[in-house]
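Asker: Shown below is the structure under consideration.
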Amino acid sequence: MTAVDRIDLQVARGRAFALVGESGSGKSVTCASIAGLPPPGARVTHGEVRFDGIDLVRERPAALAALRGRRIGMVLQNAMTALNPLMTVGAQLAETFRQHRGVKGRAQLRRLSIEALEAVGISGAADRLGSYPFQFSGGMRQRVCIAIAIAAEPDLLLCDEPTTALDATVQLQILRLLRDLQRQRGMTVVFVTHDLHVARQFCDDVAVMYAGRIVEQGPIADVFAHPVHPYTEGLLRATPRLGVHHTRLLTMPGHATSGHTQMPGCRFAVRCGEAHDRCRASYPDWFGWEDEGVKRAAACWNVPRRLAVPVVSDDTSTLHPKMRGPRHAAA
Ligand SMILES: Nc1ncnc2c1ncn2[C@@H]1O[C@H](COP(=O)(O)OP(=O)(O)OP(=O)(O)O)[C@@H](O)[C@H]1O
Ligand SMILES: [Mg+2]
């Protein structure tokens, strides 16, 4: 059974990269697989994950574990399982500062741990250092996870729905904190979310997932302003915009197809108003193009028509000079 397939992502150093899509589209599996932690029973069967020249798929488990935590930080969707239930929050933070930043001395470890909790909006931080994870609320645990992940000052931070469980003000505070850190330290962030507003506020680039595959990718401002894949377009149309009075919210017909579903063609075809025989018969090529220097890509047979490129050919070599395809890479 395949959960995600043909994932081809390029996350540029120092950028915030959003992975968006409906529930079950494969965001968490993709994010965890990047870090070499696919869900239990799952494994990466094809392809590679390159991080600074290292193929994480083929890296030895011990070396990979060392990279995680030090150079690759993670904030998982389920915060409870990410924390050690038998250690106080203060001890877990201190351990991170000691191990990954070489900080010594109780007083300094304590000061840094308090600052780390304060930075994620935990009030009375000094008094909370001695608490165990079960003594925190779900949202607070999530914030502790973020504080620990950031404390190691990783080069790459993988965040799976890091703020979904939090209220709007704390969410904003944490997003700002992540954004500042990302800019100040040139940290690269992969940010998994189903909230398009959050993605737009916080990220530079986006990949849109549908049923276990990436359907569109590019700089987030461009993709959201001019979506090319019909799914991206539908997703944006179904999302209420702030400051806009909606008399009626548009919904997408049908339900999201599971990534497990075996079908030859485009998985979105059954919900797509523009699908034709070819869409149902074979999975679309991954078309890349440049729009005034901005690199975009989408997996849809209608891309040439939607971009008004005069091409009606099966042979992708005859596509518009700015377009290249196919660019599949199995993962
Ligand atoms: N351990 C597992 N074994 C088999 N299939 C799995 C496993 N974990 C996830 N899946 C499947 O992989 C697909 C993608 O799941 P994933 O958790 O990545 O979705 P998601 O996009 O993160 O959704 P959500 O927004 O709800 O978190 C689903 O069809 C799911 O059933
Ligand atoms: Mg998920």
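Convention: chains lettered A, B, ... in structure tokens order; per-chain residue numbering from 1; ligands numbered from 1 as shown.
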Which of segment 64-263 of chain A end up as alpha helix (DSSP H) when DSSP is run on this backbone - answer as a PyMOL selection string?
Answerer: chain A and resi 64-70+79-82+89-101+106-119+125-128+138-151+168-185+196-202+220-225+230-237
Asker: Grab me every residue within 6 Å of ligand 1, counting only C-alpha atoms and all ligand atoms, and send it over as a list in words.
Answerer: Ala3, Glu22, Ser23, Gly24, Ser25, Gly26, Lys27, Ser28, Val29, Pro39, Pro40, Gly41, Ala42, Ser258 and Gly259 of chain A
Asker: Applying 10 Å and only C-alpha atoms, which residues near segment 7-13 of chain A remain after dropping the ones on its own chain fewer than 4 positions away? List them as a ChimeraX atom specification.
Answerer: /A:17-19,30,47-52,155-156,186-190,204-207,209,212-215,217-218,286,327-331
Asker: Grab the residues selected above and save them as a short mmCIF file (atom, residue, chain, number, x, y, z; two decimals), in the first residue's frame with N, CA, C and O atoms.
Answerer:
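Below is the file part_2.cif, written as the result:
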data_model
loop_
_atom_site.label_atom_id
_atom_site.label_comp_id
_atom_site.auth_asym_id
_atom_site.auth_seq_id
_atom_site.Cartn_x
_atom_site.Cartn_y
_atom_site.Cartn_z
N PHE A 17 8.83 26.85 4.08
CA PHE A 17 8.15 26.09 3.04
C PHE A 17 6.89 25.46 3.60
O PHE A 17 6.96 24.69 4.55
N ALA A 18 5.76 25.78 3.04
CA ALA A 18 4.50 25.22 3.54
C ALA A 18 4.10 23.98 2.77
O ALA A 18 4.23 23.94 1.54
N LEU A 19 3.65 22.97 3.49
CA LEU A 19 3.08 21.78 2.87
C LEU A 19 1.61 21.80 3.26
O LEU A 19 1.28 21.65 4.45
N THR A 30 4.80 12.61 4.70
CA THR A 30 5.89 13.23 3.94
C THR A 30 6.89 13.89 4.88
O THR A 30 8.10 13.67 4.78
N GLY A 47 13.73 6.63 -4.10
CA GLY A 47 14.14 8.02 -4.10
C GLY A 47 15.10 8.38 -2.99
O GLY A 47 15.64 7.52 -2.30
N GLU A 48 15.32 9.66 -2.85
CA GLU A 48 16.29 10.14 -1.87
C GLU A 48 15.79 11.42 -1.22
O GLU A 48 14.91 12.10 -1.76
N VAL A 49 16.34 11.70 -0.05
CA VAL A 49 16.05 12.95 0.65
C VAL A 49 17.40 13.59 0.93
O VAL A 49 18.16 13.11 1.77
N ARG A 50 17.73 14.62 0.19
CA ARG A 50 19.06 15.22 0.33
C ARG A 50 19.02 16.40 1.29
O ARG A 50 18.24 17.33 1.12
N PHE A 51 19.88 16.33 2.29
CA PHE A 51 20.01 17.44 3.24
C PHE A 51 21.49 17.79 3.28
O PHE A 51 22.31 16.98 3.73
N ASP A 52 21.83 18.96 2.76
CA ASP A 52 23.23 19.38 2.75
C ASP A 52 24.15 18.31 2.17
O ASP A 52 25.21 18.01 2.73
N ASP A 155 19.33 23.69 11.76
CA ASP A 155 19.40 24.34 10.44
C ASP A 155 18.06 24.16 9.73
O ASP A 155 17.64 25.01 8.95
N LEU A 156 17.44 23.00 9.98
CA LEU A 156 16.15 22.70 9.35
C LEU A 156 15.16 22.35 10.44
O LEU A 156 15.42 21.49 11.28
N GLY A 186 18.73 32.27 9.62
CA GLY A 186 18.72 31.64 8.30
C GLY A 186 18.24 30.20 8.37
O GLY A 186 18.62 29.36 7.56
N MET A 187 17.40 29.93 9.39
CA MET A 187 16.88 28.57 9.56
C MET A 187 15.89 28.24 8.43
O MET A 187 15.16 29.11 7.97
N THR A 188 15.92 27.00 7.99
CA THR A 188 14.97 26.56 6.97
C THR A 188 13.81 25.87 7.69
O THR A 188 14.04 25.08 8.60
N VAL A 189 12.59 26.19 7.28
CA VAL A 189 11.43 25.61 7.97
C VAL A 189 10.52 24.91 6.96
O VAL A 189 10.19 25.48 5.92
N VAL A 190 10.15 23.69 7.27
CA VAL A 190 9.07 23.02 6.53
C VAL A 190 7.87 23.04 7.45
O VAL A 190 7.92 22.54 8.57
N ASP A 204 7.22 31.28 2.60
CA ASP A 204 7.67 31.86 1.33
C ASP A 204 7.20 31.01 0.15
O ASP A 204 6.86 31.52 -0.91
N ASP A 205 7.29 29.69 0.34
CA ASP A 205 6.98 28.76 -0.75
C ASP A 205 5.91 27.78 -0.29
O ASP A 205 5.71 27.60 0.91
N VAL A 206 5.28 27.14 -1.25
CA VAL A 206 4.22 26.18 -0.89
C VAL A 206 4.22 24.98 -1.83
O VAL A 206 4.56 25.10 -3.02
N ALA A 207 3.86 23.83 -1.27
CA ALA A 207 3.54 22.66 -2.08
C ALA A 207 2.15 22.22 -1.64
O ALA A 207 1.87 22.13 -0.45
N MET A 209 -0.69 19.36 -1.52
CA MET A 209 -0.82 17.91 -1.65
C MET A 209 -2.27 17.51 -1.83
O MET A 209 -3.17 18.10 -1.24
N GLY A 212 -2.00 12.02 -1.47
CA GLY A 212 -0.68 11.39 -1.45
C GLY A 212 0.30 11.89 -2.49
O GLY A 212 1.39 11.33 -2.64
N ARG A 213 -0.07 12.93 -3.21
CA ARG A 213 0.84 13.47 -4.23
C ARG A 213 0.88 14.99 -4.17
O ARG A 213 -0.07 15.62 -3.69
N ILE A 214 1.96 15.54 -4.71
CA ILE A 214 2.04 17.00 -4.80
C ILE A 214 1.38 17.41 -6.11
O ILE A 214 1.70 16.84 -7.16
N VAL A 215 0.47 18.36 -6.05
CA VAL A 215 -0.19 18.76 -7.30
C VAL A 215 0.27 20.13 -7.79
O VAL A 215 0.16 20.43 -8.98
N GLN A 217 3.24 23.57 -6.90
CA GLN A 217 4.34 24.03 -6.09
C GLN A 217 4.88 25.36 -6.63
O GLN A 217 4.89 25.57 -7.83
N GLY A 218 5.32 26.24 -5.72
CA GLY A 218 5.91 27.50 -6.14
C GLY A 218 5.92 28.50 -5.01
O GLY A 218 5.50 28.18 -3.89
N TRP A 286 4.47 16.28 -14.60
CA TRP A 286 4.78 17.38 -13.69
C TRP A 286 5.36 18.49 -14.56
O TRP A 286 6.47 18.39 -15.03
N ARG A 327 8.88 15.62 -14.76
CA ARG A 327 9.97 15.73 -13.78
C ARG A 327 9.60 14.87 -12.57
O ARG A 327 9.58 15.34 -11.45
N HIS A 328 9.31 13.64 -12.80
CA HIS A 328 8.89 12.77 -11.70
C HIS A 328 10.09 12.28 -10.92
O HIS A 328 11.10 11.96 -11.48
N ALA A 329 9.96 12.20 -9.65
CA ALA A 329 10.94 11.51 -8.83
C ALA A 329 10.15 10.75 -7.78
O ALA A 329 9.37 11.32 -7.06
N ALA A 330 10.31 9.48 -7.79
CA ALA A 330 9.56 8.68 -6.81
C ALA A 330 10.17 8.85 -5.44
O ALA A 330 11.37 9.01 -5.29
N ALA A 331 9.33 8.87 -4.44
CA ALA A 331 9.83 8.93 -3.06
C ALA A 331 8.92 8.12 -2.18
O ALA A 331 7.76 7.90 -2.53
#
Asker: Rank A:Thr96, A:Thr163, A:Thr45, A:Ser131 by their smallest atom-to-atom distance to Ile150 of chain A, using only C-alpha atoms, and report the top residue only.
Answerer: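 Looking at the shortest contact to Ile150 of chain A, the residue is A:Thr96.
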Asker: Give the answer as one residue: which of A:Ala65, A:Leu76, A:Val208, A:Ala165 has the shortest atom-to-atom distance to ligand 2, using only C-alpha atoms and all ligand atoms?
Answerer: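 Counting only C-alpha atoms and all ligand atoms, the residue closest to ligand 2 is A:Leu76.
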Asker: Suppose you want the space between atom CA of Asp127 of chain A and atom CA of Met87 of chain A; what is it in Å?
Answerer: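 That distance, rounded to one decimal, is 15.3 Å.
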Asker: Would you mind reading off the distance between atom CA of Arg71 of chain A and atom CA of Ala149 of chain A, one decimal, in Å?
Answerer: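 We find that atom CA of Arg71 of chain A and atom CA of Ala149 of chain A lie 10.2 Å from each other.
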Asker: Would you mind telling me which residue in A:Leu109, A:Val294, A:Ile146, A:Val170 lies nearest to Ala221 of chain A when using only C-alpha atoms?
Answerer: A:Val294
Asker: Check the smallest atom-to-atom distance from each of A:Arg6, A:Arg176, A:His194, A:Arg128 to ligand 2 using only C-alpha atoms and all ligand atoms, then report the winner.
Answerer: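 When distances to ligand 2 are compared using only C-alpha atoms and all ligand atoms, the smallest one comes from A:His194.
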